>>> print(open('work-v4.cif').read())   # mmCIF, C-alpha atoms, pLDDT in the B column; chains and numbers go by the auth columns
data_input
loop_
_atom_site.group_PDB
_atom_site.id
_atom_site.type_symbol
_atom_site.label_atom_id
_atom_site.label_comp_id
_atom_site.label_asym_id
_atom_site.label_seq_id
_atom_site.Cartn_x
_atom_site.Cartn_y
_atom_site.Cartn_z
_atom_site.B_iso_or_equiv
_atom_site.auth_seq_id
_atom_site.auth_asym_id
ATOM 1 C CA MET A 1 23.534 0.834 -10.278 96.00 285 E
ATOM 2 C CA ILE A 2 20.228 -0.270 -8.742 98.00 286 E
ATOM 3 C CA GLU A 3 18.644 2.665 -6.907 98.00 287 E
ATOM 4 C CA ILE A 4 16.744 1.653 -3.758 98.00 288 E
ATOM 5 C CA VAL A 5 14.266 3.552 -1.577 98.00 289 E
ATOM 6 C CA ILE A 6 13.492 2.146 1.891 98.00 290 E
ATOM 7 C CA VAL A 7 10.250 2.962 3.734 98.00 291 E
ATOM 8 C CA ASP A 8 9.756 1.744 7.297 96.00 292 E
ATOM 9 C CA ASP A 9 8.432 3.611 10.310 94.00 293 E
ATOM 10 C CA GLU A 10 10.817 1.757 12.639 94.00 294 E
ATOM 11 C CA MET A 11 14.171 3.512 12.717 95.00 295 E
ATOM 12 C CA LEU A 12 16.121 0.395 13.689 95.00 296 E
ATOM 13 C CA SER A 13 14.614 -1.539 10.789 95.00 297 E
ATOM 14 C CA ARG A 14 15.563 1.196 8.310 95.00 298 E
ATOM 15 C CA ILE A 15 19.100 1.322 9.654 96.00 299 E
ATOM 16 C CA GLY A 16 19.385 -2.465 9.674 96.00 300 E
ATOM 17 C CA ILE A 17 18.179 -2.844 6.095 97.00 301 E
ATOM 18 C CA GLN A 18 20.448 -0.064 4.887 97.00 302 E
ATOM 19 C CA THR A 19 23.385 -1.617 6.753 96.00 303 E
ATOM 20 C CA LEU A 20 22.745 -4.963 5.044 96.00 304 E
ATOM 21 C CA LEU A 21 22.960 -3.213 1.671 97.00 305 E
ATOM 22 C CA ASP A 22 25.966 -0.987 2.414 94.00 306 E
ATOM 23 C CA GLY A 23 28.850 -2.112 0.286 89.00 307 E
ATOM 24 C CA VAL A 24 26.811 -4.458 -1.929 96.00 308 E
ATOM 25 C CA LYS A 25 28.088 -4.062 -5.468 94.00 309 E
ATOM 26 C CA ASP A 26 25.668 -2.390 -7.894 96.00 310 E
ATOM 27 C CA ILE A 27 23.091 -1.481 -5.209 98.00 311 E
ATOM 28 C CA HIS A 28 22.717 2.041 -3.818 97.00 312 E
ATOM 29 C CA VAL A 29 20.272 3.142 -1.130 98.00 313 E
ATOM 30 C CA ALA A 30 19.173 6.477 -2.548 97.00 314 E
ATOM 31 C CA GLN A 31 16.945 7.456 0.383 98.00 315 E
ATOM 32 C CA THR A 32 15.158 6.153 3.461 98.00 316 E
ATOM 33 C CA PHE A 33 11.830 7.343 4.851 97.00 317 E
ATOM 34 C CA ASP A 34 9.866 6.782 8.023 96.00 318 E
ATOM 35 C CA ASN A 35 6.510 7.264 6.303 94.00 319 E
ATOM 36 C CA ALA A 36 4.862 6.526 2.992 96.00 320 E
ATOM 37 C CA GLN A 37 3.759 10.086 2.238 96.00 321 E
ATOM 38 C CA GLU A 38 7.322 11.431 2.246 96.00 322 E
ATOM 39 C CA ALA A 39 8.443 8.526 0.064 97.00 323 E
ATOM 40 C CA LEU A 40 5.692 9.250 -2.466 95.00 324 E
ATOM 41 C CA SER A 41 6.687 12.929 -2.627 95.00 325 E
ATOM 42 C CA TYR A 42 10.307 11.962 -3.177 97.00 326 E
ATOM 43 C CA LEU A 43 9.440 9.434 -5.885 96.00 327 E
ATOM 44 C CA GLU A 44 7.486 12.068 -7.836 92.00 328 E
ATOM 45 C CA ASP A 45 10.775 13.816 -8.648 93.00 329 E
ATOM 46 C CA GLU A 46 13.477 11.217 -8.098 93.00 330 E
ATOM 47 C CA PRO A 47 13.497 7.911 -9.961 88.00 331 E
ATOM 48 C CA ALA A 48 14.234 4.681 -8.151 96.00 332 E
ATOM 49 C CA ASP A 49 14.399 1.127 -9.388 98.00 333 E
ATOM 50 C CA ILE A 50 13.086 -0.689 -6.341 98.00 334 E
ATOM 51 C CA LEU A 51 11.028 0.275 -3.313 98.00 335 E
ATOM 52 C CA LEU A 52 11.597 -1.713 -0.121 98.00 336 E
ATOM 53 C CA THR A 53 8.674 -1.165 2.213 95.00 337 E
ATOM 54 C CA ASP A 54 7.096 -2.379 5.407 92.00 338 E
ATOM 55 C CA LEU A 55 3.334 -2.887 5.504 89.00 339 E
ATOM 56 C CA GLU A 56 2.278 -1.885 9.013 87.00 340 E
ATOM 57 C CA MET A 57 3.200 1.779 9.339 88.00 341 E
ATOM 58 C CA SER A 58 1.650 4.774 11.008 86.00 342 E
ATOM 59 C CA GLY A 59 -0.143 7.048 8.576 88.00 343 E
ATOM 60 C CA MET A 60 -0.423 5.451 5.153 88.00 344 E
ATOM 61 C CA HIS A 61 -0.397 1.629 5.194 88.00 345 E
ATOM 62 C CA GLY A 62 2.129 -0.161 3.013 89.00 346 E
ATOM 63 C CA MET A 63 -0.611 -1.652 0.818 89.00 347 E
ATOM 64 C CA ASP A 64 -1.811 1.869 -0.006 93.00 348 E
ATOM 65 C CA LEU A 65 1.761 2.871 -0.786 95.00 349 E
ATOM 66 C CA ILE A 66 2.042 -0.035 -3.227 93.00 350 E
ATOM 67 C CA ARG A 67 -1.187 1.045 -4.970 93.00 351 E
ATOM 68 C CA GLU A 68 0.051 4.628 -5.336 93.00 352 E
ATOM 69 C CA VAL A 69 3.500 3.663 -6.571 94.00 353 E
ATOM 70 C CA LYS A 70 2.148 1.192 -9.126 91.00 354 E
ATOM 71 C CA ALA A 71 -0.419 3.753 -10.343 91.00 355 E
ATOM 72 C CA ASN A 72 2.344 6.295 -10.988 89.00 356 E
ATOM 73 C CA ASN A 73 5.225 4.027 -11.986 89.00 357 E
ATOM 74 C CA GLU A 74 4.188 0.510 -12.885 85.00 358 E
ATOM 75 C CA ASP A 75 7.777 -0.442 -13.782 91.00 359 E
ATOM 76 C CA MET A 76 9.188 0.194 -10.304 96.00 360 E
ATOM 77 C CA GLY A 77 9.985 -2.990 -8.439 97.00 361 E
ATOM 78 C CA ILE A 78 8.469 -3.419 -4.996 96.00 362 E
ATOM 79 C CA LEU A 79 9.814 -5.676 -2.289 97.00 363 E
ATOM 80 C CA ILE A 80 7.836 -6.054 0.932 94.00 364 E
ATOM 81 C CA LEU A 81 9.865 -6.513 4.106 93.00 365 E
ATOM 82 C CA SER A 82 7.529 -7.473 6.914 88.00 366 E
ATOM 83 C CA CYS A 83 7.342 -9.145 10.299 86.00 367 E
ATOM 84 C CA HIS A 84 4.026 -10.736 9.317 76.00 368 E
ATOM 85 C CA ASN A 85 4.279 -14.340 8.211 75.00 369 E
ATOM 86 C CA ASP A 86 0.507 -14.460 7.668 74.00 370 E
ATOM 87 C CA PHE A 87 0.020 -15.575 4.066 75.00 371 E
ATOM 88 C CA SER A 88 -2.934 -13.211 3.592 81.00 372 E
ATOM 89 C CA TYR A 89 -0.531 -10.227 3.760 72.00 373 E
ATOM 90 C CA ALA A 90 1.745 -11.733 1.139 76.00 374 E
ATOM 91 C CA ARG A 91 -1.170 -12.681 -1.102 83.00 375 E
ATOM 92 C CA GLU A 92 -2.668 -9.173 -0.953 84.00 376 E
ATOM 93 C CA ALA A 93 0.709 -7.559 -1.669 80.00 377 E
ATOM 94 C CA LEU A 94 1.324 -9.831 -4.642 81.00 378 E
ATOM 95 C CA MET A 95 -2.175 -9.132 -5.971 85.00 379 E
ATOM 96 C CA LEU A 96 -1.204 -5.453 -5.977 85.00 380 E
ATOM 97 C CA ASP A 97 1.788 -6.350 -8.173 88.00 381 E
ATOM 98 C CA ALA A 98 4.455 -6.311 -5.489 92.00 382 E
ATOM 99 C CA ASP A 99 7.422 -8.288 -6.778 94.00 383 E
ATOM 100 C CA GLY A 100 8.479 -10.037 -3.597 93.00 384 E
ATOM 101 C CA TYR A 101 7.799 -10.565 0.094 91.00 385 E
ATOM 102 C CA LEU A 102 10.496 -11.283 2.670 93.00 386 E
ATOM 103 C CA LEU A 103 10.251 -11.689 6.419 93.00 387 E
ATOM 104 C CA LYS A 104 12.445 -9.254 8.319 93.00 388 E
ATOM 105 C CA HIS A 105 13.637 -11.844 10.828 92.00 389 E
ATOM 106 C CA GLU A 106 15.011 -13.979 7.958 93.00 390 E
ATOM 107 C CA LEU A 107 16.928 -11.163 6.241 94.00 391 E
ATOM 108 C CA ASN A 108 20.621 -11.330 5.565 96.00 392 E
ATOM 109 C CA THR A 109 22.770 -9.578 3.005 96.00 393 E
ATOM 110 C CA GLN A 110 22.866 -12.476 0.564 97.00 394 E
ATOM 111 C CA LEU A 111 19.094 -13.050 0.596 97.00 395 E
ATOM 112 C CA LEU A 112 18.300 -9.353 0.231 97.00 396 E
ATOM 113 C CA GLU A 113 20.853 -8.855 -2.550 97.00 397 E
ATOM 114 C CA LYS A 114 19.586 -11.911 -4.439 97.00 398 E
ATOM 115 C CA GLU A 115 15.948 -10.780 -4.241 97.00 399 E
ATOM 116 C CA ILE A 116 16.745 -7.202 -5.283 98.00 400 E
ATOM 117 C CA LYS A 117 18.760 -8.353 -8.284 97.00 401 E
ATOM 118 C CA LYS A 118 16.041 -10.829 -9.263 97.00 402 E
ATOM 119 C CA ILE A 119 13.409 -8.066 -9.181 96.00 403 E
ATOM 120 C CA TYR A 120 15.639 -5.623 -11.040 96.00 404 E
#
>>> encode(input="work-v4.cif", output="structure tokens")
Amino acid sequence: MIEIVIVDDEMLSRIGIQTLLDGVKDIHVAQTFDNAQEALSYLEDEPADILLTDLEMSGMHGMDLIREVKANNEDMGILILSCHNDFSYAREALMLDADGYLLKHELNTQLLEKEIKKIY
């Protein structure tokens, strides 16, 4: 079972992403968070395979979250889900060792499942 943690400060985005993954075989959303700090605290004690995160969030920015996660658990997969189609965001995320970058408005269950399984 692939354990997923979702971090997005927009409630509807979190719910939408979780809904896309509900019922997908071999994928389990372990927890969702509306901020990066709570996610980091959770990940200190609870293992996860893949982190799905937004970049633009109140409090800690998604790029900072990626840095922290990779510093503490370099094997965890990271998939960015963003509204920004500006290549500079994707390039910076990939330079920080994120494993993928998807645009939220293009998401569907099949695309998300395929990318998660590829990263895993």
>>> residues_around(input="work-v4.cif", residues="Glu294 (chain E)", least_positions_apart="5", cutoff="9 Å", atoms="all atoms listed in the file", output="JSON, numbers by chain")
{"E": [299, 318, 341]}
>>> resolve_selection(input="work-v4.cif", expression="the PyMOL selection byres ((chain E and resi 398) around 12)", output="VMD selection string")
chain E and resid 305 308 to 311 363 384 386 391 to 397 399 to 404
>>> closest_residue(input="work-v4.cif", among="E:Asp306, E:Glu376, E:Asp293, E:Glu322", to="Thr337 (chain E)", atoms="all atoms listed in the file")
E:Asp293
>>> atom_distance(input="work-v4.cif", atom1="CA of Leu378 (chain E)", atom2="CA of Ile364 (chain E)")
9.4 Å
>>> closest_residue(input="work-v4.cif", among="E:Leu296, E:Ala377, E:Met360, E:Ala320", to="Gly343 (chain E)", atoms="all atoms listed in the file")
E:Ala320
